[in-house]
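Down below is the structure, laid out as structure tokens.
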Amino acid sequence: MKNEPAGDAHSLFEALYEGDSAVVRALRAGASAEARDEDGTSALYLASVQDLPGTVRLLLAAGADPDRPSGPDEGDLPLCGAACGGHTEVVEALLAAGADPDLREDLGFTALRWAAGLGHARIAELLLDQGADPGLPGPRDEPPLVVAARRGSLPTVRVLLRHRAPGLAQALETARRMLTVDVEKELLRSLEALHGPGHESAVRRTPVPGGVLVTVELLRDGTPFAGQDQETGHGAIATLLEEELGLHAPFEELAARALRGRDPGLDDWRETVRVLRLRGDEETFQAAAAWAAGADPLRQMLGAQVLARLGFRGEEKPFAARAVPLLRILARDAVDPAAAEAATRAIDAYAPHAAAP
């Protein structure tokens, strides 16, 4: 395909940096919505990767093809660029204009593969709702569920499971393997494979909903020039996938997953509590009671939270007679205030069974 006349394209590309009103003026003056720069990059692709949803809508309304490839080798797609960048509004606009969610870029990436690999759960959901194939493999022949499991993004895994994504056993194997990996070292090793060893590096751990985002950057003269990141929800993902597959992990293995982040607010902890409560059997009661009666405050909290709703079915609370006395002892004797509070809240869940004799 030939580029638009230089002046025509130039006016539109300048307008991209000036705002939507400037884009409107350029289009009205005759600039083509399909304009490309000297490198073959389309205006739509550039607006998509730079997260300019208003401009994207204007270009689409003016006739830009949402599926037209971009770049010198025509190997880039606007939808993939937007999915990679996590640009939700742009993805919505492109899909609304009829973008095919399963088109592949030159290297074999689809928009869903980008979203799964980078933990963009909302974008994955948009793509799947518009008919993206949840099992379409990426460049390494891995289904999106496996990629999301390796990323450590529980929300993305949940979205894929809701759309019946295949590859559960492989994804479980991946999540379990990642539990044995030092994420920081793994990211650094990957960066050094690309850029060579010997660089200074910096590590950041950023809270994200339900987990932690670990970022490793290589530095040159103190300034980052390359980086990779990964989430750490692999314990929660393994627990969820085991549940989907009907597998029961041992109690101590589940406890180790919950305790690895040492934070009851993390998905690893919450998924352990949720799954154990649902088991609602005598073995689970014995395990949770032992944790609550132990000396470690975090294990006490874990035991109390499992006991809080263990085996509840409507009004049925089968372990009330034995759980409430244990929880009262913990609420009274716990040295750690957080453990005592967890026990108190658990007792409240047993009302009216928890009424003092």
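Naming scheme: A, B, ... for chains in displayed order of the structure tokens; residues 1 onward per chain; ligands 1 onward as shown.
Once Cys84 (chain A) and its same-chain neighbours fewer than 3 positions away are set aside, A:Cys80, A:Gly81, A:Trp114, A:Ala115 remain within 7 Å of it when counting only C-alpha atoms.
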Selection above as a file: N, CA and C atoms, as an mmCIF file, in the first residue's frame:
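Once everything was written out, this is out.cif:
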```cif
data_model
loop_
_atom_site.group_PDB
_atom_site.id
_atom_site.type_symbol
_atom_site.label_atom_id
_atom_site.label_comp_id
_atom_site.auth_asym_id
_atom_site.auth_seq_id
_atom_site.Cartn_x
_atom_site.Cartn_y
_atom_site.Cartn_z
ATOM 1 N N CYS A 80 -3.893 -5.140 18.856
ATOM 2 C CA CYS A 80 -2.814 -5.748 19.629
ATOM 3 C C CYS A 80 -2.005 -4.681 20.359
ATOM 4 N N GLY A 81 -1.748 -3.563 19.691
ATOM 5 C CA GLY A 81 -1.010 -2.484 20.336
ATOM 6 C C GLY A 81 -1.750 -1.925 21.531
ATOM 7 N N TRP A 114 -1.567 -10.906 24.269
ATOM 8 C CA TRP A 114 -0.953 -9.763 24.951
ATOM 9 C C TRP A 114 -1.631 -9.510 26.294
ATOM 10 N N ALA A 115 -2.949 -9.502 26.317
ATOM 11 C CA ALA A 115 -3.678 -9.205 27.553
ATOM 12 C C ALA A 115 -3.403 -10.259 28.621
#
```
Taking the backbone alone, and naming residues the way the document does, which bits of region 144-345 of chain A are strand (DSSP E or B) by DSSP, as a JSON list (two decimals) with C-alpha atoms, in the first residue's frame?
```
[["chain", "number", "residue", "atom", "x", "y", "z"],
["A", 200, "GLU", "CA", 23.18, -2.40, 37.53],
["A", 201, "SER", "CA", 19.63, -3.30, 38.41],
["A", 202, "ALA", "CA", 16.81, -2.05, 40.58],
["A", 203, "VAL", "CA", 13.78, -3.87, 41.98],
["A", 204, "ARG", "CA", 10.37, -2.43, 42.86],
["A", 205, "ARG", "CA", 7.51, -4.21, 44.58],
["A", 206, "THR", "CA", 4.24, -2.39, 43.98],
["A", 207, "PRO", "CA", 0.93, -3.34, 45.62],
["A", 208, "VAL", "CA", -1.81, -4.20, 43.13],
["A", 211, "GLY", "CA", -1.20, -9.07, 45.07],
["A", 212, "VAL", "CA", 2.17, -7.55, 44.34],
["A", 213, "LEU", "CA", 3.75, -6.44, 41.06],
["A", 214, "VAL", "CA", 7.50, -7.11, 40.98],
["A", 215, "THR", "CA", 9.43, -4.92, 38.52],
["A", 216, "VAL", "CA", 13.11, -5.40, 37.70],
["A", 217, "GLU", "CA", 14.92, -2.73, 35.67],
["A", 218, "LEU", "CA", 18.41, -2.58, 34.20],
["A", 219, "LEU", "CA", 20.20, 0.73, 34.73],
["A", 220, "ARG", "CA", 22.70, 2.66, 32.68],
["A", 223, "THR", "CA", 18.73, 5.50, 34.48],
["A", 224, "PRO", "CA", 16.47, 2.54, 33.59],
["A", 225, "PHE", "CA", 16.78, 1.41, 29.97],
["A", 226, "ALA", "CA", 15.04, -1.98, 30.11],
["A", 227, "GLY", "CA", 12.62, -3.69, 32.45],
["A", 228, "GLN", "CA", 10.20, -6.53, 33.00],
["A", 229, "ASP", "CA", 7.51, -7.15, 35.57],
["A", 230, "GLN", "CA", 5.39, -9.96, 36.92],
["A", 231, "GLU", "CA", 2.59, -10.48, 39.42],
["A", 313, "ARG", "CA", -24.77, -24.07, 54.21],
["A", 316, "GLU", "CA", -26.47, -24.76, 58.89]]
```
(request) Fewer than 6 positions away in the same chain doesn't count, so skip those; otherwise give me all residues within 8 Å of region 12-18 of chain A, counting only C-alpha atoms, as number ranges by chain. (result) A: 26-27, 31-32, 35, 37, 43, 47, 55
Using only C-alpha atoms, which protein or nucleic acid residues come within 8 Å of region 280-292 of chain A? Drop anything in the same chain fewer than 6 positions from it, and give the result as a PDB file with C-alpha atoms, in the first residue's frame.
```
ATOM      1  CA  PHE A 251      -3.542 -28.609  54.173  1.00  0.00           C
ATOM      2  CA  ARG A 299      -1.287 -19.261  61.430  1.00  0.00           C
ATOM      3  CA  GLN A 300      -3.675 -18.304  64.227  1.00  0.00           C
ATOM      4  CA  MET A 301      -5.326 -15.786  61.892  1.00  0.00           C
ATOM      5  CA  LEU A 302      -5.508 -18.319  59.088  1.00  0.00           C
ATOM      6  CA  GLY A 303      -7.094 -20.921  61.357  1.00  0.00           C
ATOM      7  CA  ALA A 304      -9.598 -18.400  62.716  1.00  0.00           C
ATOM      8  CA  VAL A 306     -11.149 -20.814  58.032  1.00  0.00           C
ATOM      9  CA  LEU A 307     -13.156 -21.708  61.126  1.00  0.00           C
ATOM     10  CA  LEU A 310     -16.354 -23.658  57.790  1.00  0.00           C
ATOM     11  CA  GLY A 311     -18.990 -25.813  56.106  1.00  0.00           C
ATOM     12  CA  PHE A 312     -21.708 -23.151  56.267  1.00  0.00           C
ATOM     13  CA  PHE A 319     -18.865 -26.968  63.528  1.00  0.00           C
ATOM     14  CA  ALA A 323     -15.307 -23.975  66.778  1.00  0.00           C
ATOM     15  CA  LEU A 326     -11.634 -22.548  70.342  1.00  0.00           C
ATOM     16  CA  LEU A 327     -12.204 -19.099  68.919  1.00  0.00           C
ATOM     17  CA  LEU A 330      -7.891 -17.387  70.837  1.00  0.00           C
TER      18      LEU A 330
END
```
(message) List as an MDAnalysis selection string the protein and nucleic acid residues near Gln305 (chain A), meaning an atom at most 7 Å away when only C-alpha atoms are counted, but skip any in the same chain fewer than 4 places from it.
(response) chainID A and resid 273 301 342 346
(request) Apply DSSP to the structure's backbone, then extract all residues of region 209-320 of chain A labelled helix (DSSP H, G or I) and return them as a PyMOL selection string. (result) chain A and resi 234-245+251-259+267-279+282-293+297-308+320
(message) Applying 9 Å and only C-alpha atoms, which residues near region 233-242 of chain A remain after dropping the ones on its own chain fewer than 3 positions away? List them as a PyMOL selection string.
(response) chain A and resi 149-154+157-158+168-169+171-179+210-212+245-249+254+256-258+260+266-272+275
Take the residues from that selection and put them in a file with C-alpha atoms, as a PDB file, in the first residue's frame.
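Here's the written file out.pdb:
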```pdb
ATOM      1  CA  ALA A 149      -0.956 -18.479  35.038  1.00  0.00           C
ATOM      2  CA  ARG A 150       2.709 -17.764  34.446  1.00  0.00           C
ATOM      3  CA  ARG A 151       2.047 -14.036  34.713  1.00  0.00           C
ATOM      4  CA  GLY A 152       0.535 -14.598  38.159  1.00  0.00           C
ATOM      5  CA  SER A 153      -2.636 -12.602  37.457  1.00  0.00           C
ATOM      6  CA  LEU A 154      -5.570 -14.223  39.259  1.00  0.00           C
ATOM      7  CA  VAL A 157      -7.181 -16.453  35.021  1.00  0.00           C
ATOM      8  CA  ARG A 158     -10.703 -16.037  36.423  1.00  0.00           C
ATOM      9  CA  LEU A 168      -6.190 -26.223  32.957  1.00  0.00           C
ATOM     10  CA  ALA A 169      -3.721 -28.999  33.755  1.00  0.00           C
ATOM     11  CA  ALA A 171      -1.750 -23.962  33.613  1.00  0.00           C
ATOM     12  CA  LEU A 172      -1.771 -25.649  37.041  1.00  0.00           C
ATOM     13  CA  GLU A 173       1.642 -27.143  36.365  1.00  0.00           C
ATOM     14  CA  THR A 174       2.909 -23.683  35.372  1.00  0.00           C
ATOM     15  CA  ALA A 175       1.491 -22.000  38.484  1.00  0.00           C
ATOM     16  CA  ARG A 176       2.965 -24.664  40.770  1.00  0.00           C
ATOM     17  CA  ARG A 177       6.349 -24.309  39.093  1.00  0.00           C
ATOM     18  CA  MET A 178       6.267 -20.545  39.519  1.00  0.00           C
ATOM     19  CA  LEU A 179       5.758 -21.050  43.261  1.00  0.00           C
ATOM     20  CA  GLY A 210      -4.921  -8.776  45.675  1.00  0.00           C
ATOM     21  CA  GLY A 211      -1.200  -9.067  45.074  1.00  0.00           C
ATOM     22  CA  VAL A 212       2.174  -7.547  44.336  1.00  0.00           C
ATOM     23  CA  LEU A 245      -9.948 -29.848  38.353  1.00  0.00           C
ATOM     24  CA  GLY A 246     -11.398 -31.438  41.500  1.00  0.00           C
ATOM     25  CA  LEU A 247      -8.005 -31.805  43.193  1.00  0.00           C
ATOM     26  CA  HIS A 248      -7.393 -31.427  46.935  1.00  0.00           C
ATOM     27  CA  ALA A 249      -4.012 -30.022  47.879  1.00  0.00           C
ATOM     28  CA  LEU A 254      -2.368 -24.585  51.157  1.00  0.00           C
ATOM     29  CA  ALA A 256       2.242 -22.346  52.859  1.00  0.00           C
ATOM     30  CA  ARG A 257       0.619 -20.598  49.888  1.00  0.00           C
ATOM     31  CA  ALA A 258      -1.443 -18.405  52.179  1.00  0.00           C
ATOM     32  CA  ARG A 260       4.079 -16.884  51.638  1.00  0.00           C
ATOM     33  CA  LEU A 266      -3.446 -11.039  49.280  1.00  0.00           C
ATOM     34  CA  ASP A 267      -5.237 -13.379  46.882  1.00  0.00           C
ATOM     35  CA  ASP A 268      -2.959 -16.262  47.883  1.00  0.00           C
ATOM     36  CA  TRP A 269      -4.361 -16.047  51.413  1.00  0.00           C
ATOM     37  CA  ARG A 270      -7.968 -15.398  50.455  1.00  0.00           C
ATOM     38  CA  GLU A 271      -8.153 -18.282  47.994  1.00  0.00           C
ATOM     39  CA  THR A 272      -6.797 -20.698  50.595  1.00  0.00           C
ATOM     40  CA  VAL A 275     -11.393 -23.238  49.327  1.00  0.00           C
TER      41      VAL A 275
END
```
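Distance-wise, CA of Pro139 (chain A) and CA of Arg104 (chain A) end up 9.6 Å apart.
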(message) Rounded to one decimal, what separation in Å do you get between CA of Ala340 (chain A) and CA of Gly294 (chain A)?
(response) 12.9 Å
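CA of Glu34 (chain A) to CA of Val90 (chain A) spans 17.0 Å [interatomic distance, one decimal].
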(request) Excluding Pro144 (chain A) and residues on its chain fewer than 6 positions from it, collect all residues at most 8 Å away from it, counting only C-alpha atoms, and give them as a list in words. (result) Leu112, Arg113, Ala116, Gly117, Pro134, Gly135, Leu136, Pro137, Gly138, Leu160 and Ala165 of chain A
(message) With distances taken over only C-alpha atoms, which residue among A:Leu145, A:Val49, A:Val181, A:Ala61 lies nearest Pro166 (chain A)?
(response) A:Leu145
(request) Check the smallest atom-to-atom distance from each of A:Thr344, A:Arg332, A:Arg277, A:Asp141 to Lys317 (chain A) using only C-alpha atoms, then report the winner. (result)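 Checking each candidate against Lys317 (chain A), we get A:Arg277 as the closest.
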